[in-house]
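> What follows is the file structure_32.cif, containing mmCIF, C-alpha atoms:
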```
data_entry
loop_
_atom_site.label_atom_id
_atom_site.label_comp_id
_atom_site.auth_asym_id
_atom_site.auth_seq_id
_atom_site.Cartn_x
_atom_site.Cartn_y
_atom_site.Cartn_z
CA MET B 1 11.16 14.41 17.72
CA ASN B 2 13.63 13.69 14.94
CA ARG B 3 13.37 16.15 12.05
CA VAL B 4 15.23 14.02 9.48
CA ALA B 5 13.24 13.60 6.28
CA ARG B 6 11.58 10.21 6.62
CA VAL B 7 9.28 8.22 4.34
CA PHE B 8 6.81 5.83 5.96
CA SER B 9 4.58 3.29 4.22
CA GLY B 10 2.51 0.37 5.38
CA ILE B 11 1.25 -2.68 3.50
CA GLN B 12 -1.22 -5.34 4.54
CA PRO B 13 0.16 -8.90 4.83
CA THR B 14 -1.90 -10.40 2.02
CA GLY B 15 0.68 -12.98 1.01
CA VAL B 16 2.22 -12.66 -2.44
CA PRO B 17 1.28 -9.24 -3.90
CA GLN B 18 -0.49 -8.79 -7.21
CA LEU B 19 0.52 -6.45 -10.02
CA GLY B 20 -1.67 -3.65 -8.71
CA ASN B 21 0.24 -3.66 -5.41
CA TYR B 22 3.54 -3.57 -7.30
CA LEU B 23 2.67 -0.75 -9.70
CA GLY B 24 0.63 1.23 -7.19
CA SER B 25 3.08 1.14 -4.27
CA ILE B 26 6.05 -1.22 -4.25
CA LYS B 27 7.68 0.00 -7.47
CA ASN B 28 7.57 3.54 -6.09
CA TRP B 29 9.10 2.47 -2.77
CA VAL B 30 11.96 0.77 -4.58
CA ALA B 31 12.61 3.92 -6.60
CA LEU B 32 12.55 6.11 -3.49
CA GLN B 33 15.55 4.21 -2.12
CA SER B 34 17.76 5.97 -4.66
CA GLN B 35 15.80 9.18 -5.30
CA HIS B 36 15.66 12.54 -3.55
CA LEU B 37 12.30 13.54 -2.12
CA ASP B 38 12.64 16.98 -3.67
CA SER B 39 14.20 17.44 -7.11
CA ALA B 40 15.54 20.81 -5.92
CA SER B 41 17.24 19.31 -2.88
CA SER B 42 19.89 16.66 -2.24
CA GLN B 43 18.72 16.10 1.34
CA PRO B 44 18.98 12.40 2.29
CA HIS B 45 16.02 10.59 3.81
CA ASP B 46 15.16 7.43 5.71
CA GLN B 47 12.54 4.98 4.53
CA TYR B 48 10.42 2.76 6.78
CA ILE B 49 8.06 0.09 5.42
CA SER B 50 5.82 -1.68 7.89
CA ILE B 51 4.00 -4.95 7.22
CA VAL B 52 0.89 -3.94 9.12
CA ASP B 53 -0.16 -7.23 10.69
CA LEU B 54 -2.18 -5.44 13.39
CA HIS B 55 -4.31 -3.82 10.70
CA ALA B 56 -4.82 -7.29 9.22
CA LEU B 57 -6.75 -8.29 12.35
CA THR B 58 -9.67 -6.10 11.22
CA VAL B 59 -10.56 -9.04 8.95
CA PRO B 60 -9.84 -12.11 11.11
CA ARG B 61 -8.14 -15.09 9.48
CA PRO B 62 -6.62 -18.35 10.80
CA PRO B 63 -3.42 -17.57 12.78
CA ALA B 64 -1.28 -19.91 10.65
CA ARG B 65 -2.54 -18.15 7.52
CA LEU B 66 -1.64 -14.73 8.92
CA ARG B 67 1.89 -15.91 9.75
CA THR B 68 2.32 -17.34 6.25
CA ASP B 69 0.89 -14.26 4.56
CA THR B 70 3.21 -12.01 6.59
CA PHE B 71 6.30 -14.03 5.67
CA GLU B 72 5.32 -14.14 1.98
CA MET B 73 4.78 -10.37 1.94
CA ALA B 74 8.22 -9.78 3.49
CA ALA B 75 9.89 -12.09 0.99
CA SER B 76 7.98 -10.50 -1.89
CA LEU B 77 9.04 -6.98 -0.93
CA ILE B 78 12.69 -8.02 -0.85
CA ALA B 79 12.27 -9.85 -4.18
CA CYS B 80 10.76 -6.70 -5.71
CA GLY B 81 13.86 -4.69 -4.79
CA ILE B 82 13.32 -3.39 -1.24
CA ASP B 83 16.87 -3.31 0.13
CA PRO B 84 16.92 -3.96 3.90
CA SER B 85 20.18 -2.02 4.18
CA ARG B 86 18.46 1.12 2.83
CA THR B 87 14.88 0.59 4.00
CA VAL B 88 13.76 -0.42 7.49
CA LEU B 89 11.40 -3.31 6.73
CA PHE B 90 9.56 -4.59 9.80
CA ARG B 91 6.43 -6.23 11.21
CA GLN B 92 4.18 -3.67 12.88
CA SER B 93 3.20 -5.89 15.81
CA THR B 94 6.80 -6.26 17.01
CA VAL B 95 6.90 -2.54 17.90
CA HIS B 96 4.55 -2.11 20.87
CA ALA B 97 4.64 1.68 20.76
CA HIS B 98 2.25 1.57 17.77
CA THR B 99 -0.64 0.51 19.98
CA GLN B 100 0.43 2.74 22.87
CA LEU B 101 0.31 5.80 20.65
CA MET B 102 -2.91 4.63 19.03
CA TRP B 103 -4.68 4.67 22.41
CA ALA B 104 -3.35 8.14 23.23
CA LEU B 105 -4.60 9.43 19.87
CA ALA B 106 -7.93 7.60 20.11
CA CYS B 107 -8.63 9.43 23.36
CA ILE B 108 -8.61 12.79 21.54
CA THR B 109 -10.20 11.71 18.23
CA PRO B 110 -13.89 12.61 17.77
CA VAL B 111 -16.15 9.76 16.64
CA GLY B 112 -17.49 12.07 13.94
CA TRP B 113 -14.12 12.10 12.21
CA LEU B 114 -14.13 8.29 12.02
CA ASN B 115 -17.75 8.29 10.90
CA ARG B 116 -16.76 10.32 7.82
CA MET B 117 -14.13 7.82 6.68
CA THR B 118 -15.24 5.97 3.55
CA GLN B 119 -13.29 2.72 3.73
CA TRP B 120 -15.20 1.10 6.60
CA LYS B 121 -18.41 1.98 4.81
CA SER B 122 -17.37 0.38 1.54
CA LYS B 123 -16.13 -2.78 3.28
CA LEU B 124 -19.25 -3.09 5.43
CA HIS B 125 -21.66 -2.40 2.59
CA GLY B 126 -19.74 -4.45 0.02
CA SER B 127 -19.73 -1.71 -2.61
CA GLN B 128 -18.90 1.93 -3.16
CA GLN B 129 -22.63 2.84 -3.19
CA TYR B 130 -22.94 3.41 0.55
CA GLY B 131 -24.98 6.62 0.32
CA SER B 132 -25.86 8.02 3.73
CA LEU B 133 -24.48 5.04 5.71
CA ASN B 134 -23.15 6.14 9.08
CA VAL B 135 -22.26 4.58 12.40
CA HIS B 136 -25.83 5.05 13.65
CA SER B 137 -27.41 3.25 10.66
CA ALA B 138 -29.06 -0.11 11.25
CA ALA B 139 -26.69 -1.62 8.68
CA ALA B 140 -23.71 -0.48 10.77
CA GLN B 141 -24.71 -2.18 14.01
CA SER B 142 -22.60 -5.24 13.13
CA LEU B 143 -19.58 -3.02 12.43
CA LEU B 144 -16.52 -4.23 14.33
CA THR B 145 -14.68 -1.62 16.38
CA GLY B 146 -11.31 -2.43 14.79
CA LEU B 147 -12.56 -1.71 11.28
CA PHE B 148 -14.14 1.54 12.45
CA ALA B 149 -11.15 2.78 14.48
CA TYR B 150 -8.21 1.55 12.40
CA PRO B 151 -7.53 5.03 10.90
CA VAL B 152 -6.32 6.02 14.38
CA LEU B 153 -3.79 3.18 14.31
CA MET B 154 -2.78 4.28 10.84
CA ALA B 155 -2.19 7.80 12.14
CA ALA B 156 -0.12 6.35 15.00
CA ASP B 157 1.97 4.35 12.53
CA VAL B 158 2.90 7.52 10.69
CA LEU B 159 3.37 9.91 13.61
CA LEU B 160 5.35 7.46 15.77
CA TYR B 161 8.35 7.66 13.43
CA GLY B 162 8.19 11.37 12.76
CA ALA B 163 7.41 10.63 9.13
CA THR B 164 7.60 13.66 6.88
CA HIS B 165 6.46 12.06 3.61
CA ILE B 166 3.83 9.38 2.91
CA PRO B 167 3.70 7.76 -0.56
CA VAL B 168 0.05 7.02 -1.37
CA GLY B 169 -2.36 6.58 -4.24
CA ASP B 170 -5.24 8.97 -4.72
CA ASP B 171 -7.57 6.59 -2.86
CA GLN B 172 -5.54 7.00 0.35
CA ILE B 173 -5.44 10.80 0.55
CA GLN B 174 -8.37 10.85 3.00
CA HIS B 175 -6.28 8.85 5.49
CA ILE B 176 -3.42 11.35 5.31
CA GLU B 177 -5.84 14.23 5.83
CA PHE B 178 -7.22 12.36 8.85
CA THR B 179 -3.67 11.91 10.20
CA ARG B 180 -2.98 15.62 9.82
CA ASP B 181 -6.23 16.43 11.66
CA VAL B 182 -5.29 14.09 14.51
CA CYS B 183 -1.83 15.66 14.60
CA ASP B 184 -3.38 19.14 14.94
CA GLN B 185 -5.76 17.89 17.63
CA PHE B 186 -2.84 16.49 19.62
CA HIS B 187 -0.97 19.78 19.39
CA LYS B 188 -4.02 21.73 20.59
CA THR B 189 -4.43 19.33 23.51
CA TYR B 190 -0.85 18.69 24.63
CA GLY B 191 1.53 20.90 22.69
CA HIS B 192 3.61 20.59 19.55
CA VAL B 193 5.37 17.23 19.19
CA PHE B 194 4.78 15.91 15.67
CA SER B 195 5.47 17.13 12.15
CA ALA B 196 2.42 16.94 9.90
CA PRO B 197 3.30 14.54 7.05
CA ARG B 198 3.20 15.48 3.39
CA VAL B 199 1.69 13.36 0.61
CA LEU B 200 3.89 11.81 -2.07
CA LEU B 201 1.24 10.98 -4.66
CA SER B 202 1.98 7.86 -6.68
CA GLN B 203 2.15 8.55 -10.42
CA THR B 204 0.46 5.20 -11.13
CA LYS B 205 -3.28 5.33 -10.64
CA ARG B 206 -5.35 2.32 -9.69
CA VAL B 207 -4.62 -0.86 -11.62
CA MET B 208 -7.95 -2.31 -12.66
CA SER B 209 -9.26 -5.87 -12.74
CA LEU B 210 -8.57 -7.82 -15.93
CA LYS B 211 -12.14 -9.15 -15.89
CA ASP B 212 -13.96 -5.99 -14.79
CA PRO B 213 -12.03 -2.82 -15.66
CA LEU B 214 -14.40 -0.70 -13.57
CA ARG B 215 -13.13 -2.39 -10.38
CA LYS B 216 -9.70 -2.25 -8.77
CA MET B 217 -7.41 -5.27 -9.16
CA SER B 218 -7.51 -7.05 -5.81
CA LYS B 219 -6.32 -10.19 -4.00
CA SER B 220 -9.79 -10.45 -2.45
CA ASP B 221 -11.44 -11.07 -5.83
CA PRO B 222 -12.38 -14.79 -5.90
CA ASN B 223 -11.59 -14.93 -9.62
CA ASP B 224 -7.84 -15.46 -9.94
CA SER B 225 -8.02 -14.50 -13.62
CA SER B 226 -8.88 -10.95 -12.57
CA ARG B 227 -5.29 -10.23 -11.49
CA ILE B 228 -1.63 -10.92 -12.17
CA ASN B 229 0.07 -12.41 -9.11
CA LEU B 230 3.79 -11.78 -8.80
CA THR B 231 4.33 -15.56 -8.70
CA ASP B 232 2.30 -16.31 -11.85
CA SER B 233 4.10 -18.34 -14.52
CA ASP B 234 4.75 -16.83 -17.94
CA ASP B 235 2.01 -19.04 -19.41
CA ALA B 236 -0.48 -17.90 -16.75
CA ILE B 237 0.32 -14.25 -17.45
CA ILE B 238 -0.17 -14.70 -21.19
CA ARG B 239 -3.44 -16.59 -20.66
CA LYS B 240 -4.88 -14.02 -18.24
CA ILE B 241 -4.04 -11.03 -20.44
CA ARG B 242 -5.34 -12.71 -23.59
CA LYS B 243 -8.66 -13.23 -21.80
CA ALA B 244 -8.72 -9.72 -20.32
CA HIS B 245 -11.87 -7.72 -20.99
CA THR B 246 -11.58 -5.38 -24.00
CA ASP B 247 -14.05 -4.31 -26.71
CA SER B 248 -14.73 -4.74 -30.43
CA ILE B 249 -13.81 -1.19 -31.49
CA GLN B 250 -11.07 -1.11 -34.13
CA GLY B 251 -7.71 0.48 -33.31
CA ILE B 252 -5.87 1.28 -30.11
CA SER B 253 -6.92 4.39 -28.17
CA TYR B 254 -6.79 5.54 -24.56
CA ASP B 255 -10.23 6.44 -23.24
CA PRO B 256 -10.91 5.18 -19.68
CA VAL B 257 -14.59 6.15 -19.92
CA GLU B 258 -15.55 4.70 -23.30
CA ARG B 259 -12.87 1.96 -23.49
CA PRO B 260 -12.02 0.99 -19.90
CA GLY B 261 -10.66 -2.47 -20.75
CA ILE B 262 -8.23 -1.32 -23.43
CA SER B 263 -7.26 1.71 -21.36
CA SER B 264 -6.51 -0.46 -18.31
CA LEU B 265 -4.10 -2.64 -20.29
CA LEU B 266 -2.45 0.44 -21.83
CA SER B 267 -2.02 1.88 -18.32
CA ILE B 268 -0.31 -1.30 -17.14
CA TYR B 269 2.08 -1.23 -20.09
CA ALA B 270 2.76 2.49 -19.57
CA ALA B 271 3.50 2.02 -15.86
CA LEU B 272 5.88 -0.85 -16.55
CA ARG B 273 7.71 1.16 -19.23
CA ASP B 274 7.62 4.48 -17.31
CA VAL B 275 5.87 6.30 -20.15
CA SER B 276 2.45 7.89 -20.55
CA PRO B 277 -0.56 6.01 -21.95
CA GLU B 278 -0.62 8.50 -24.81
CA GLN B 279 2.93 7.50 -25.74
CA VAL B 280 1.87 3.86 -25.69
CA VAL B 281 -0.98 4.63 -28.10
CA GLN B 282 1.54 6.12 -30.53
CA GLU B 283 3.85 3.11 -30.10
CA MET B 284 0.97 0.71 -30.78
CA GLU B 285 -0.52 2.55 -33.74
CA GLY B 286 -1.94 -0.01 -36.16
CA PHE B 287 -1.97 -2.83 -33.58
CA THR B 288 -4.90 -5.19 -33.26
CA ASN B 289 -6.23 -5.94 -29.79
CA LEU B 290 -4.40 -9.28 -29.86
CA GLN B 291 -1.09 -7.63 -30.77
CA MET B 292 -1.61 -5.09 -28.01
CA LYS B 293 -2.30 -7.84 -25.48
CA GLU B 294 0.82 -9.72 -26.57
CA ALA B 295 2.91 -6.58 -26.02
CA VAL B 296 1.39 -6.05 -22.58
CA ALA B 297 1.98 -9.69 -21.62
CA SER B 298 5.60 -9.43 -22.73
CA ALA B 299 6.15 -6.31 -20.62
CA VAL B 300 4.55 -7.95 -17.58
CA ILE B 301 6.65 -11.09 -17.95
CA GLU B 302 9.81 -8.98 -18.27
CA THR B 303 9.07 -7.46 -14.85
CA VAL B 304 7.40 -10.35 -13.02
CA GLY B 305 9.77 -13.11 -14.17
CA PRO B 306 12.85 -11.96 -12.19
CA ILE B 307 10.69 -11.15 -9.13
CA ARG B 308 9.13 -14.63 -9.25
CA GLU B 309 12.54 -16.31 -9.43
CA HIS B 310 13.98 -14.20 -6.60
CA MET B 311 10.88 -14.91 -4.51
CA ALA B 312 11.36 -18.66 -4.95
CA ARG B 313 14.95 -18.41 -3.70
CA LEU B 314 13.87 -16.41 -0.64
CA VAL B 315 11.12 -18.87 0.25
CA ASP B 316 13.79 -21.59 0.26
CA ASP B 317 15.93 -19.43 2.59
CA ARG B 318 13.40 -18.59 5.27
CA GLY B 319 16.14 -18.00 7.83
CA TYR B 320 17.51 -15.08 5.82
CA VAL B 321 14.12 -13.35 5.59
CA GLU B 322 13.48 -13.85 9.32
CA ARG B 323 16.94 -12.50 10.16
CA VAL B 324 16.38 -9.41 8.00
CA LEU B 325 13.09 -8.73 9.76
CA ARG B 326 14.55 -9.15 13.26
CA GLU B 327 17.48 -6.84 12.52
CA ASN B 328 15.23 -4.18 11.00
CA GLU B 329 12.75 -4.50 13.84
CA GLU B 330 15.45 -3.60 16.32
CA LYS B 331 16.09 -0.42 14.31
CA ALA B 332 12.38 0.40 14.24
CA LYS B 333 12.00 -0.27 17.98
CA SER B 334 14.91 2.03 18.79
CA VAL B 335 13.39 4.98 16.94
CA ALA B 336 9.82 4.24 18.06
CA GLU B 337 10.69 3.83 21.74
CA ASP B 338 12.70 7.06 21.84
CA ASN B 339 9.84 8.94 20.23
CA TRP B 340 7.22 7.29 22.46
CA GLN B 341 9.12 8.35 25.58
CA ASN B 342 8.95 11.97 24.39
CA ILE B 343 5.24 11.61 23.63
CA ALA B 344 4.52 9.89 26.96
CA LYS B 345 6.25 12.71 28.83
CA CYS B 346 4.23 15.28 26.90
CA ILE B 347 0.90 13.67 27.86
CA GLY B 348 1.84 12.91 31.46
CA LEU B 349 2.60 9.19 31.33
CA SER B 350 6.20 9.60 32.41
#
```
If you convert what's in this file into structure tokens, what do you get?

Amino acid sequence: MNRVARVFSGIQPTGVPQLGNYLGSIKNWVALQSQHLDSASSQPHDQYISIVDLHALTVPRPPARLRTDTFEMAASLIACGIDPSRTVLFRQSTVHAHTQLMWALACITPVGWLNRMTQWKSKLHGSQQYGSLNVHSAAAQSLLTGLFAYPVLMAADVLLYGATHIPVGDDQIQHIEFTRDVCDQFHKTYGHVFSAPRVLLSQTKRVMSLKDPLRKMSKSDPNDSSRINLTDSDDAIIRKIRKAHTDSIQGISYDPVERPGISSLLSIYAALRDVSPEQVVQEMEGFTNLQMKEAVASAVIETVGPIREHMARLVDDRGYVERVLRENEEKAKSVAEDNWQNIAKCIGLS
């Protein structure tokens, strides 16, 4: 398979992203378009970003909603700065080799490996306190196969393109380790075909809910005030941040354990300004909580405003977004089909 340095990322089609998606992933992907993977090397690299609509089926939704959410995610990524001439942006389901490779990998993946994965447990149980929950537990008997087995599809997504680098947050490292294990299992079974991918750890940690700073900011939270959507108006951003959970302690300090609300807002400001939270504390010395919130709101508006306006233009030009996707999908299919033919030959399917 191709040994060119290649970055691969996937994102669920959840419609318009929220600020946590932007700071945790999208901002990094945009930067990677003009950065070298290794500061000591000038080696060029490809970047592939897949809108993983097959993964979205693990939580069924009305078909029309899925189509709308997928389009809005594509438009949002372009509005955020993903350049289709430098990044192959495509819908996962249009490249059939994803599911072909998934089945080949599933046939050599032990159930025990999937049983150890934490994400299906947290989604099934509804919290992170899933204790000894496993696939044999009574509580797991309603578990849908897609939710249990989707890490295999995720591994196929990565390995199909010969990806060498995977940008992730710290909460996704388990999936990359799983992919590397599946890669090794394939090599032991059929011979060496893939390159084990390396992690590119995002510098921005989890962006926390504005209403509950102990929980991750999420589109699935029913309280819209818990997050900043990338289409929020300036007034909505100001209102949400003013009402964000903080505390009554005087002064501005960064302490995620003792002051999670304040620390979450400082982290957002730091990520938007590309500085450390400690530098933000120095910058905001003497600020009241209200002054700090006003500064954070201003920084968010400075970033979100242009994205919101670009997004509105793209929504009005649906034909352009669809054309970009079709053109990029042809590029993805070309690489994926070539690689699948090599894989199929290795396992005896051709």
> Excluding region 292-298 of chain B and residues on its chain fewer than 6 positions from it, collect all residues at most 12 Å away from it, counting only C-alpha atoms, and give them as a PyMOL selection string.
chain B and resi 210+228+232-246+250-253+261-273+280-286+304-305
> Can you tell me how far CA of Gly162 (chain B) sits from CA of Phe194 (chain B), in Å to one decimal?
6.4 Å
> Find the residues near Ile51 (chain B): any atom within 8 Å, counting only C-alpha atoms, skip ones fewer than 5 places away on the same chain, and give them as a PyMOL selection string.
chain B and resi 10-13+70+73-74+89-92
> What lies within 12 Å of Thr99 (chain B) using only C-alpha atoms, ignoring chain neighbours under 6 positions off, as a PyMOL selection string?
chain B and resi 52+54-55+92-93+105-106+150+152-157+160+336-337+340
> Under the rule that all atoms listed in the file are counted, which of B:Asp221, B:Asp317, B:Tyr254, B:Pro197 is the nearest residue to Ile173 (chain B)?
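Using all atoms listed in the file, the shortest distance to Ile173 (chain B) belongs to B:Pro197.
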> Every residue with an atom at most 7 Å from (17.7, 8.2, -2.6) (file coordinates; all atoms listed in the file) is what I'm after, so could you write them as a VMD selection string?
chain B and resid 32 to 36 44
